[in-house]
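Working notes, beginning with the structure itself.
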Protein chains: 2
Amino acid sequence: MDPRISIVTLGVQVLERSRQFYKEAFGWEPASGQEGISFYQLGGLVFALYPDDLLAADANAQPFQGGFRGITLAYNVREKSDVAKVLATAEAAGATIVKPATDTDWGGHGGYLTDPDGHLWEIAYNPFFPLNARGEIEIPTA
Amino acid sequence: MDPRISIVTLGVQVLERSRQFYKEAFGWEPASGQEGISFYQLGGLVFALYPDDLLAADANAQPFQGGFRGITLAYNVREKSDVAKVLATAEAAGATIVKPATDTDWGGHGGYLTDPDGHLWEIAYNPFFPLNARGEIEIPTA
């Protein structure tokens with residue numbers, strides 16, 4: 001298999017609420033022409049919002065029961081001060097800040113927010129993993 | 001915010017077990033030089049494996065309680081027949097096939113596997129969202 005993830009799909013309870021959230025908190029607009037699901041082109045991958053019960057059914061899984069999902073998404077920023085700014089914007093749009101902007105023990109800086117369904121996003125500044133001109137994160141080669 | 005996800009981090013119970021799984025099932029090798037966490041360069045994003053309890057603590061969350069996580073990752077393939085092949089390779093490496101390769105109601109073809117911690121991967125063929133030469137998925141513009 002090639003090194004790629006094609007789609008990250010978040011199960012959500014109210015699609016329109018989540019669509020509004022990602023528009024207001026992150027400034028992201030879905031691609032047009034889809035009903036019942038929202039697709040976003042994020043660089044080389046697709047981010048999707050889909051009703052939680054339908055996502056569970058599609059995967060032959062039981063509905064989500066709440067609590068920590070054991071998976072996080074991170075959005076890395078170019079400047080340390082951007083972490084607090086992104087968190088503040090998201091909070092104004094309804095995000096819950098579960099961890100404010102904090103220096104990390106590995107020499108970075110970051111905080112966490114949750115979206116309306118509790119999906120965790122880390123907003124992070126990592127001076128060791130630079131972002132290229134296209135905003136893509138790059139692990140330095142030794 | 002720019003349209004990007006920088007990092008997708010999966011909480012795992014046994015890091016070495018998961019590292020072996022992603023090597024044998026997906027053929028993915030982590031970047032070198034990291035202890036206690038595995039980072040993979042997947043195109044423009046980083047995929048990470050990290051102990052579940054530490055991930056929860058980092059996000060000020062309670063430990064994962066099991067069950068459906070309400071989020072899925074998808075790996076899209078170029079040919080319909082690749083879905084069953086990828087699932088078979090993953091199964092031989094210890095994946096659980098929770099949905100075999102099946103035609104979907106939207107005109108695609110796909111199946112689901114879970115990794116050793118129950119993280120869901122859809123292996124999908126989607127004739128409407130092509131993969132470019134770099135393997136990146138692209139939502140067609142209207």
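Identifiers for the structure tokens are assigned positionally: chains receive A, B, ... in sequence, residues are indexed from 1 per chain, and ligands are indexed from 1 in the order shown.
Residue-level contacts from chain B to chain A at 6 Å, counting only C-alpha atoms, read Met1, Pro3, Arg4, Ile5, Ser6, Ile7, Val8, Thr9, Leu10, Gly11, Phe26, Leu42, Gly43, Gly44, Leu45, Phe64, Phe68, Arg69, Gly70, Ile71, Thr72, Leu73, Ala74, Tyr75, Asn76, Glu136 and Ile137 of chain B.
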After fit on chain A (all C-alpha, ordered pairs), chain B as a CSV table (one decimal) with N, CA and C atoms, in the first residue's frame:
```csv
chain,number,residue,atom,x,y,z
B,1,MET,N,0.8,-1.2,0.0
B,1,MET,CA,0.0,0.0,0.0
B,1,MET,C,0.9,1.2,0.0
B,2,ASP,N,0.4,2.2,-0.7
B,2,ASP,CA,1.2,3.5,-0.7
B,2,ASP,C,1.0,4.2,0.6
B,3,PRO,N,1.9,5.1,0.9
B,3,PRO,CA,1.8,5.9,2.1
B,3,PRO,C,0.7,7.0,2.0
B,4,ARG,N,-0.5,6.7,2.3
B,4,ARG,CA,-1.5,7.7,2.2
B,4,ARG,C,-2.8,7.3,3.1
B,5,ILE,N,-3.5,8.4,3.5
B,5,ILE,CA,-4.8,8.2,4.0
B,5,ILE,C,-5.7,9.0,3.0
B,6,SER,N,-6.7,8.4,2.5
B,6,SER,CA,-7.5,9.1,1.5
B,6,SER,C,-8.6,9.9,2.1
B,7,ILE,N,-9.3,9.4,3.1
B,7,ILE,CA,-10.4,10.1,3.7
B,7,ILE,C,-10.4,9.9,5.3
B,8,VAL,N,-10.7,11.0,6.0
B,8,VAL,CA,-10.9,10.9,7.4
B,8,VAL,C,-12.4,11.3,7.6
B,9,THR,N,-13.2,10.4,8.1
B,9,THR,CA,-14.6,10.7,8.3
B,9,THR,C,-15.0,10.8,9.7
B,10,LEU,N,-15.6,11.9,10.1
B,10,LEU,CA,-16.1,12.1,11.5
B,10,LEU,C,-17.6,11.8,11.5
B,11,GLY,N,-17.9,10.9,12.4
B,11,GLY,CA,-19.4,10.7,12.7
B,11,GLY,C,-19.9,11.9,13.5
B,12,VAL,N,-21.0,12.4,13.1
B,12,VAL,CA,-21.6,13.6,13.7
B,12,VAL,C,-23.1,13.4,14.0
B,13,GLN,N,-23.6,14.0,15.0
B,13,GLN,CA,-25.0,13.8,15.3
B,13,GLN,C,-25.9,14.7,14.4
B,14,VAL,N,-25.5,15.9,14.2
B,14,VAL,CA,-26.3,16.9,13.4
B,14,VAL,C,-25.4,17.5,12.3
B,15,LEU,N,-25.6,17.0,11.1
B,15,LEU,CA,-24.7,17.4,10.0
B,15,LEU,C,-24.6,18.9,9.8
B,16,GLU,N,-25.8,19.5,9.8
B,16,GLU,CA,-25.8,21.0,9.6
B,16,GLU,C,-25.0,21.7,10.7
B,17,ARG,N,-25.2,21.3,11.9
B,17,ARG,CA,-24.5,21.9,13.0
B,17,ARG,C,-23.0,21.8,12.8
B,18,SER,N,-22.5,20.6,12.4
B,18,SER,CA,-21.1,20.4,12.3
B,18,SER,C,-20.6,21.2,11.1
B,19,ARG,N,-21.4,21.3,10.0
B,19,ARG,CA,-21.0,22.0,8.8
B,19,ARG,C,-20.8,23.5,9.2
B,20,GLN,N,-21.7,24.0,10.0
B,20,GLN,CA,-21.6,25.4,10.5
B,20,GLN,C,-20.3,25.6,11.3
B,21,PHE,N,-20.1,24.6,12.2
B,21,PHE,CA,-19.0,24.7,13.1
B,21,PHE,C,-17.7,24.8,12.3
B,22,TYR,N,-17.5,23.9,11.4
B,22,TYR,CA,-16.2,23.8,10.6
B,22,TYR,C,-16.1,25.1,9.7
B,23,LYS,N,-17.2,25.7,9.4
B,23,LYS,CA,-17.1,26.9,8.6
B,23,LYS,C,-16.7,28.1,9.5
B,24,GLU,N,-17.3,28.2,10.7
B,24,GLU,CA,-17.1,29.3,11.5
B,24,GLU,C,-15.8,29.2,12.3
B,25,ALA,N,-15.5,27.9,12.8
B,25,ALA,CA,-14.3,27.7,13.6
B,25,ALA,C,-13.0,27.6,12.8
B,26,PHE,N,-13.1,26.9,11.6
B,26,PHE,CA,-11.9,26.6,10.8
B,26,PHE,C,-11.9,27.4,9.5
B,27,GLY,N,-13.1,27.9,9.1
B,27,GLY,CA,-13.1,28.6,7.8
B,27,GLY,C,-13.2,27.6,6.6
B,28,TRP,N,-13.6,26.4,6.9
B,28,TRP,CA,-13.6,25.4,5.8
B,28,TRP,C,-15.0,25.3,5.2
B,29,GLU,N,-15.0,25.2,3.9
B,29,GLU,CA,-16.3,25.1,3.1
B,29,GLU,C,-16.3,23.7,2.5
B,30,PRO,N,-17.4,23.0,2.5
B,30,PRO,CA,-17.5,21.7,1.9
B,30,PRO,C,-17.6,21.9,0.3
B,31,ALA,N,-17.2,20.8,-0.3
B,31,ALA,CA,-17.4,20.8,-1.8
B,31,ALA,C,-18.9,20.7,-2.1
B,32,SER,N,-19.3,21.3,-3.2
B,32,SER,CA,-20.7,21.3,-3.5
B,32,SER,C,-21.2,20.0,-4.0
B,33,GLY,N,-22.5,19.9,-4.1
B,33,GLY,CA,-23.1,18.8,-4.8
B,33,GLY,C,-23.3,17.5,-4.0
B,34,GLN,N,-23.2,17.6,-2.7
B,34,GLN,CA,-23.4,16.4,-1.9
B,34,GLN,C,-24.6,16.6,-0.9
B,35,GLU,N,-25.4,15.7,-0.7
B,35,GLU,CA,-26.4,15.7,0.3
B,35,GLU,C,-26.3,14.6,1.3
B,36,GLY,N,-26.5,14.9,2.5
B,36,GLY,CA,-26.4,13.8,3.5
B,36,GLY,C,-25.0,13.5,4.0
B,37,ILE,N,-24.0,14.2,3.4
B,37,ILE,CA,-22.6,14.0,3.8
B,37,ILE,C,-21.9,15.3,3.3
B,38,SER,N,-20.9,15.7,4.0
B,38,SER,CA,-20.1,16.8,3.6
B,38,SER,C,-18.7,16.4,3.4
B,39,PHE,N,-18.2,16.7,2.2
B,39,PHE,CA,-16.8,16.4,1.8
B,39,PHE,C,-16.0,17.7,1.7
B,40,TYR,N,-14.8,17.7,2.3
B,40,TYR,CA,-13.9,18.8,2.2
B,40,TYR,C,-12.6,18.4,1.6
B,41,GLN,N,-12.1,19.1,0.6
B,41,GLN,CA,-10.8,18.8,0.0
B,41,GLN,C,-9.7,19.5,0.9
B,42,LEU,N,-9.0,18.7,1.6
B,42,LEU,CA,-7.9,19.2,2.5
B,42,LEU,C,-6.6,18.7,1.9
B,43,GLY,N,-6.0,19.6,1.0
B,43,GLY,CA,-4.8,19.1,0.4
B,43,GLY,C,-5.0,17.8,-0.3
B,44,GLY,N,-4.2,16.8,-0.1
B,44,GLY,CA,-4.3,15.6,-0.8
B,44,GLY,C,-5.3,14.6,-0.2
B,45,LEU,N,-6.0,15.0,0.8
B,45,LEU,CA,-7.0,14.0,1.4
B,45,LEU,C,-8.4,14.7,1.4
B,46,VAL,N,-9.3,13.9,1.7
B,46,VAL,CA,-10.7,14.3,1.9
B,46,VAL,C,-11.1,14.2,3.3
B,47,PHE,N,-11.7,15.2,3.9
B,47,PHE,CA,-12.3,15.2,5.2
B,47,PHE,C,-13.8,15.1,5.0
B,48,ALA,N,-14.5,14.3,5.8
B,48,ALA,CA,-15.9,14.1,5.6
B,48,ALA,C,-16.6,14.1,6.9
B,49,LEU,N,-17.8,14.7,6.9
B,49,LEU,CA,-18.7,14.7,8.0
B,49,LEU,C,-19.9,13.8,7.6
B,50,TYR,N,-20.3,12.9,8.5
B,50,TYR,CA,-21.4,11.9,8.1
B,50,TYR,C,-22.1,11.6,9.4
B,51,PRO,N,-23.5,11.4,9.3
B,51,PRO,CA,-24.2,11.0,10.5
B,51,PRO,C,-23.6,9.8,11.2
B,52,ASP,N,-23.5,9.9,12.5
B,52,ASP,CA,-22.8,8.9,13.3
B,52,ASP,C,-23.5,7.5,13.2
B,53,ASP,N,-24.8,7.5,13.1
B,53,ASP,CA,-25.5,6.2,13.1
B,53,ASP,C,-25.3,5.6,11.7
B,54,LEU,N,-25.2,6.4,10.7
B,54,LEU,CA,-25.0,5.8,9.3
B,54,LEU,C,-23.6,5.3,9.2
B,55,LEU,N,-22.6,6.1,9.8
B,55,LEU,CA,-21.2,5.7,9.7
B,55,LEU,C,-21.1,4.3,10.5
B,56,ALA,N,-21.7,4.2,11.6
B,56,ALA,CA,-21.6,3.0,12.4
B,56,ALA,C,-22.2,1.8,11.5
B,57,ALA,N,-23.3,2.1,10.9
B,57,ALA,CA,-24.0,1.0,10.2
B,57,ALA,C,-23.1,0.6,9.0
B,58,ASP,N,-22.5,1.6,8.3
B,58,ASP,CA,-21.7,1.3,7.2
B,58,ASP,C,-20.5,0.4,7.5
B,59,ALA,N,-20.0,0.6,8.8
B,59,ALA,CA,-18.8,-0.2,9.2
B,59,ALA,C,-19.2,-1.4,10.0
B,60,ASN,N,-20.5,-1.8,10.0
B,60,ASN,CA,-21.0,-2.9,10.8
B,60,ASN,C,-20.7,-2.7,12.3
B,61,ALA,N,-20.7,-1.5,12.7
B,61,ALA,CA,-20.4,-1.3,14.1
B,61,ALA,C,-21.6,-0.8,14.9
B,62,GLN,N,-21.5,-0.9,16.2
B,62,GLN,CA,-22.6,-0.3,17.1
B,62,GLN,C,-22.4,1.2,17.1
B,63,PRO,N,-23.5,1.9,17.5
B,63,PRO,CA,-23.4,3.3,17.6
B,63,PRO,C,-22.4,3.7,18.6
B,64,PHE,N,-21.9,4.9,18.4
B,64,PHE,CA,-20.9,5.5,19.3
B,64,PHE,C,-21.6,5.7,20.7
B,65,GLN,N,-20.8,5.3,21.8
B,65,GLN,CA,-21.4,5.4,23.1
B,65,GLN,C,-20.9,6.6,23.9
B,66,GLY,N,-20.1,7.4,23.3
B,66,GLY,CA,-19.6,8.6,24.1
B,66,GLY,C,-18.2,8.3,24.7
B,67,GLY,N,-17.6,9.4,25.2
B,67,GLY,CA,-16.3,9.3,25.8
B,67,GLY,C,-15.2,9.5,24.9
B,68,PHE,N,-14.0,9.3,25.3
B,68,PHE,CA,-12.8,9.5,24.6
B,68,PHE,C,-12.7,8.5,23.4
B,69,ARG,N,-12.4,9.0,22.2
B,69,ARG,CA,-12.4,8.1,21.0
B,69,ARG,C,-11.1,7.4,20.8
B,70,GLY,N,-10.1,7.8,21.5
B,70,GLY,CA,-8.8,7.2,21.3
B,70,GLY,C,-8.1,7.5,20.0
B,71,ILE,N,-8.5,8.7,19.4
B,71,ILE,CA,-7.8,9.1,18.2
B,71,ILE,C,-8.0,10.6,18.2
B,72,THR,N,-6.9,11.3,17.7
B,72,THR,CA,-6.9,12.7,17.6
B,72,THR,C,-6.5,13.2,16.3
B,73,LEU,N,-6.9,14.4,15.9
B,73,LEU,CA,-6.5,15.0,14.7
B,73,LEU,C,-5.7,16.3,15.1
B,74,ALA,N,-4.7,16.6,14.4
B,74,ALA,CA,-3.9,17.8,14.7
B,74,ALA,C,-3.8,18.7,13.5
B,75,TYR,N,-3.9,20.0,13.8
B,75,TYR,CA,-3.7,21.1,12.8
B,75,TYR,C,-2.5,21.9,13.3
B,76,ASN,N,-1.4,21.8,12.5
B,76,ASN,CA,-0.2,22.5,13.0
B,76,ASN,C,-0.1,23.9,12.4
B,77,VAL,N,0.4,24.8,13.1
B,77,VAL,CA,0.5,26.2,12.7
B,77,VAL,C,2.0,26.6,12.6
B,78,ARG,N,2.2,27.7,11.9
B,78,ARG,CA,3.6,28.1,11.6
B,78,ARG,C,4.2,28.9,12.7
B,79,GLU,N,3.4,29.6,13.6
B,79,GLU,CA,4.0,30.4,14.6
B,79,GLU,C,3.4,30.0,16.0
B,80,LYS,N,4.2,30.0,17.0
B,80,LYS,CA,3.8,29.6,18.3
B,80,LYS,C,2.5,30.4,18.7
B,81,SER,N,2.5,31.7,18.4
B,81,SER,CA,1.3,32.5,18.8
B,81,SER,C,0.1,32.2,18.1
B,82,ASP,N,0.2,31.4,17.0
B,82,ASP,CA,-1.0,31.0,16.2
B,82,ASP,C,-1.9,30.0,17.0
B,83,VAL,N,-1.3,29.3,17.9
B,83,VAL,CA,-2.0,28.3,18.6
B,83,VAL,C,-3.2,28.9,19.4
B,84,ALA,N,-2.9,29.9,20.2
B,84,ALA,CA,-3.9,30.6,21.0
B,84,ALA,C,-4.9,31.3,20.1
B,85,LYS,N,-4.5,31.8,19.0
B,85,LYS,CA,-5.4,32.5,18.1
B,85,LYS,C,-6.4,31.5,17.5
B,86,VAL,N,-5.9,30.4,17.1
B,86,VAL,CA,-6.8,29.4,16.5
B,86,VAL,C,-7.8,28.9,17.5
B,87,LEU,N,-7.3,28.6,18.7
B,87,LEU,CA,-8.2,28.2,19.8
B,87,LEU,C,-9.3,29.2,20.1
B,88,ALA,N,-8.9,30.5,20.1
B,88,ALA,CA,-9.9,31.5,20.5
B,88,ALA,C,-10.9,31.6,19.4
B,89,THR,N,-10.5,31.5,18.1
B,89,THR,CA,-11.5,31.6,17.1
B,89,THR,C,-12.5,30.5,17.1
B,90,ALA,N,-11.9,29.3,17.4
B,90,ALA,CA,-12.8,28.1,17.5
B,90,ALA,C,-13.7,28.2,18.7
B,91,GLU,N,-13.2,28.7,19.8
B,91,GLU,CA,-14.1,28.8,21.0
B,91,GLU,C,-15.2,29.8,20.7
B,92,ALA,N,-14.9,30.9,20.0
B,92,ALA,CA,-16.0,31.8,19.7
B,92,ALA,C,-17.0,31.2,18.8
B,93,ALA,N,-16.6,30.1,18.0
B,93,ALA,CA,-17.6,29.4,17.1
B,93,ALA,C,-18.2,28.2,17.8
B,94,GLY,N,-18.0,28.1,19.1
B,94,GLY,CA,-18.7,27.0,19.8
B,94,GLY,C,-17.8,25.8,20.2
B,95,ALA,N,-16.5,25.8,19.9
B,95,ALA,CA,-15.7,24.7,20.3
B,95,ALA,C,-15.5,24.8,21.8
B,96,THR,N,-15.2,23.6,22.4
B,96,THR,CA,-14.9,23.5,23.8
B,96,THR,C,-13.3,23.4,23.9
B,97,ILE,N,-12.7,24.3,24.6
B,97,ILE,CA,-11.3,24.2,24.8
B,97,ILE,C,-11.0,23.3,26.0
B,98,VAL,N,-10.5,22.1,25.6
B,98,VAL,CA,-10.2,21.1,26.7
B,98,VAL,C,-8.8,21.2,27.3
B,99,LYS,N,-8.0,21.9,26.5
B,99,LYS,CA,-6.6,22.2,27.0
B,99,LYS,C,-6.1,23.5,26.4
B,100,PRO,N,-5.9,24.5,27.2
B,100,PRO,CA,-5.5,25.8,26.6
B,100,PRO,C,-4.1,25.7,26.0
B,101,ALA,N,-3.7,26.7,25.3
B,101,ALA,CA,-2.3,26.7,24.7
B,101,ALA,C,-1.3,26.6,25.8
B,102,THR,N,-0.4,25.6,25.6
B,102,THR,CA,0.5,25.2,26.7
B,102,THR,C,1.8,24.8,26.1
B,103,ASP,N,3.0,25.1,26.7
B,103,ASP,CA,4.2,24.6,26.2
B,103,ASP,C,4.3,23.1,26.5
B,104,THR,N,4.8,22.3,25.6
B,104,THR,CA,4.8,20.8,25.8
B,104,THR,C,6.2,20.4,26.3
B,105,ASP,N,6.2,19.2,26.8
B,105,ASP,CA,7.5,18.7,27.4
B,105,ASP,C,8.5,18.3,26.2
B,106,TRP,N,8.0,18.2,25.0
B,106,TRP,CA,8.9,17.9,23.9
B,106,TRP,C,9.4,19.2,23.1
B,107,GLY,N,9.1,20.3,23.7
B,107,GLY,CA,9.6,21.5,23.1
B,107,GLY,C,8.7,22.2,22.1
B,108,GLY,N,7.5,21.8,22.1
B,108,GLY,CA,6.5,22.5,21.2
B,108,GLY,C,5.5,23.2,22.0
B,109,HIS,N,4.4,23.5,21.4
B,109,HIS,CA,3.3,24.4,22.1
B,109,HIS,C,2.0,23.9,21.5
B,110,GLY,N,1.0,23.7,22.3
B,110,GLY,CA,-0.3,23.3,21.7
B,110,GLY,C,-1.4,23.3,22.7
B,111,GLY,N,-2.6,23.1,22.2
B,111,GLY,CA,-3.8,23.0,23.0
B,111,GLY,C,-4.8,22.1,22.2
B,112,TYR,N,-5.9,21.8,22.9
B,112,TYR,CA,-6.9,20.9,22.3
B,112,TYR,C,-8.2,21.5,22.4
B,113,LEU,N,-9.0,21.3,21.3
B,113,LEU,CA,-10.4,21.7,21.3
B,113,LEU,C,-11.2,20.5,21.0
B,114,THR,N,-12.5,20.5,21.3
B,114,THR,CA,-13.4,19.5,20.8
B,114,THR,C,-14.5,20.2,19.9
B,115,ASP,N,-14.9,19.5,18.9
B,115,ASP,CA,-16.0,20.0,18.0
B,115,ASP,C,-17.3,19.6,18.7
B,116,PRO,N,-18.5,19.9,18.0
B,116,PRO,CA,-19.8,19.7,18.7
B,116,PRO,C,-20.0,18.2,19.1
B,117,ASP,N,-19.3,17.3,18.5
B,117,ASP,CA,-19.5,15.9,18.8
B,117,ASP,C,-18.4,15.4,19.7
B,118,GLY,N,-17.5,16.2,20.2
B,118,GLY,CA,-16.4,15.8,21.0
B,118,GLY,C,-15.2,15.3,20.3
B,119,HIS,N,-15.2,15.4,19.0
B,119,HIS,CA,-14.0,15.0,18.3
B,119,HIS,C,-12.8,16.0,18.7
B,120,LEU,N,-11.7,15.4,19.0
B,120,LEU,CA,-10.6,16.2,19.5
B,120,LEU,C,-9.6,16.7,18.4
B,121,TRP,N,-9.4,17.9,18.4
B,121,TRP,CA,-8.4,18.5,17.5
B,121,TRP,C,-7.3,19.1,18.4
B,122,GLU,N,-6.0,18.8,18.1
B,122,GLU,CA,-4.9,19.5,18.7
B,122,GLU,C,-4.5,20.6,17.8
B,123,ILE,N,-4.3,21.8,18.3
B,123,ILE,CA,-3.7,22.9,17.5
B,123,ILE,C,-2.3,23.0,18.0
B,124,ALA,N,-1.3,22.8,17.1
B,124,ALA,CA,0.0,22.6,17.6
B,124,ALA,C,1.0,23.4,16.8
B,125,TYR,N,2.0,23.8,17.6
B,125,TYR,CA,3.2,24.4,17.0
B,125,TYR,C,4.4,23.4,17.2
B,126,ASN,N,5.0,22.9,16.2
B,126,ASN,CA,6.0,21.9,16.4
B,126,ASN,C,7.3,22.4,15.6
B,127,PRO,N,8.3,23.0,16.3
B,127,PRO,CA,9.4,23.5,15.5
B,127,PRO,C,10.3,22.4,14.9
B,128,PHE,N,10.0,21.2,15.2
B,128,PHE,CA,10.8,20.1,14.7
B,128,PHE,C,10.3,19.5,13.4
B,129,PHE,N,9.0,19.7,13.2
B,129,PHE,CA,8.3,19.1,12.0
B,129,PHE,C,7.8,20.4,11.2
B,130,PRO,N,8.6,20.8,10.3
B,130,PRO,CA,8.3,22.1,9.5
B,130,PRO,C,7.1,21.8,8.6
B,131,LEU,N,6.4,22.9,8.3
B,131,LEU,CA,5.4,23.0,7.2
B,131,LEU,C,6.0,23.5,6.0
B,132,ASN,N,5.8,22.9,4.8
B,132,ASN,CA,6.3,23.4,3.6
B,132,ASN,C,5.4,24.5,3.0
B,133,ALA,N,5.8,25.0,1.8
B,133,ALA,CA,5.0,26.1,1.3
B,133,ALA,C,3.6,25.8,1.1
B,134,ARG,N,3.3,24.5,0.8
B,134,ARG,CA,1.9,24.1,0.7
B,134,ARG,C,1.2,23.8,2.0
B,135,GLY,N,1.9,24.0,3.1
B,135,GLY,CA,1.3,23.7,4.4
B,135,GLY,C,1.4,22.3,4.8
B,136,GLU,N,2.1,21.5,4.0
B,136,GLU,CA,2.2,20.0,4.4
B,136,GLU,C,3.3,19.8,5.4
B,137,ILE,N,3.0,19.0,6.4
B,137,ILE,CA,4.0,18.7,7.5
B,137,ILE,C,5.0,17.7,6.9
B,138,GLU,N,6.3,17.9,7.4
B,138,GLU,CA,7.3,17.1,6.9
B,138,GLU,C,8.2,16.6,8.0
B,139,ILE,N,8.3,15.3,8.2
B,139,ILE,CA,9.3,14.8,9.1
B,139,ILE,C,10.7,14.9,8.6
B,140,PRO,N,11.6,15.6,9.2
B,140,PRO,CA,12.9,15.7,8.7
B,140,PRO,C,13.6,14.4,8.6
B,141,THR,N,14.3,14.2,7.5
B,141,THR,CA,15.1,12.9,7.4
B,141,THR,C,16.4,13.1,8.1
B,142,ALA,N,16.9,12.0,8.8
B,142,ALA,CA,18.0,12.1,9.6
B,142,ALA,C,19.3,12.5,8.8
```
**OP:** Within chain A, find each residue whose DSSP state, derived from the backbone, is strand (DSSP E or B), and express the selection as a PyMOL selection string.
**Re:** chain A and resi 7-12+38-42+45-51+71-76+96-103+109-114+120-125+131+137
**OP:** Could you please write out, as a PyMOL selection string, every residue of chain A that DSSP assigns to alpha helix (DSSP H)?
**Re:** chain A and resi 15-26+52-58+80-92
Please produce a file of the residues just selected, as an mmCIF file, in the first residue's frame, where the atoms kept are C-alpha atoms.
```cif
data_model
loop_
_atom_site.group_PDB
_atom_site.id
_atom_site.type_symbol
_atom_site.label_atom_id
_atom_site.label_comp_id
_atom_site.auth_asym_id
_atom_site.auth_seq_id
_atom_site.Cartn_x
_atom_site.Cartn_y
_atom_site.Cartn_z
ATOM 1 C CA LEU A 15 -24.707 17.361 10.010
ATOM 2 C CA GLU A 16 -25.774 20.974 9.547
ATOM 3 C CA ARG A 17 -24.508 21.947 13.005
ATOM 4 C CA SER A 18 -21.113 20.422 12.257
ATOM 5 C CA ARG A 19 -20.979 22.043 8.834
ATOM 6 C CA GLN A 20 -21.596 25.417 10.472
ATOM 7 C CA PHE A 21 -18.978 24.700 13.101
ATOM 8 C CA TYR A 22 -16.226 23.844 10.629
ATOM 9 C CA LYS A 23 -17.123 26.916 8.596
ATOM 10 C CA GLU A 24 -17.067 29.313 11.539
ATOM 11 C CA ALA A 25 -14.317 27.745 13.606
ATOM 12 C CA PHE A 26 -11.938 26.639 10.854
ATOM 13 C CA ASP A 52 -22.794 8.907 13.284
ATOM 14 C CA ASP A 53 -25.487 6.217 13.073
ATOM 15 C CA LEU A 54 -25.011 5.806 9.338
ATOM 16 C CA LEU A 55 -21.233 5.652 9.722
ATOM 17 C CA ALA A 56 -21.605 2.944 12.353
ATOM 18 C CA ALA A 57 -23.997 0.994 10.155
ATOM 19 C CA ASP A 58 -21.671 1.293 7.166
ATOM 20 C CA LYS A 80 3.749 29.630 18.309
ATOM 21 C CA SER A 81 1.339 32.508 18.851
ATOM 22 C CA ASP A 82 -1.035 31.046 16.253
ATOM 23 C CA VAL A 83 -2.038 28.264 18.651
ATOM 24 C CA ALA A 84 -3.905 30.577 21.016
ATOM 25 C CA LYS A 85 -5.396 32.508 18.103
ATOM 26 C CA VAL A 86 -6.829 29.404 16.454
ATOM 27 C CA LEU A 87 -8.199 28.155 19.777
ATOM 28 C CA ALA A 88 -9.846 31.521 20.463
ATOM 29 C CA THR A 89 -11.484 31.628 17.052
ATOM 30 C CA ALA A 90 -12.754 28.093 17.478
ATOM 31 C CA GLU A 91 -14.054 28.821 20.956
ATOM 32 C CA ALA A 92 -15.988 31.812 19.652
#
```
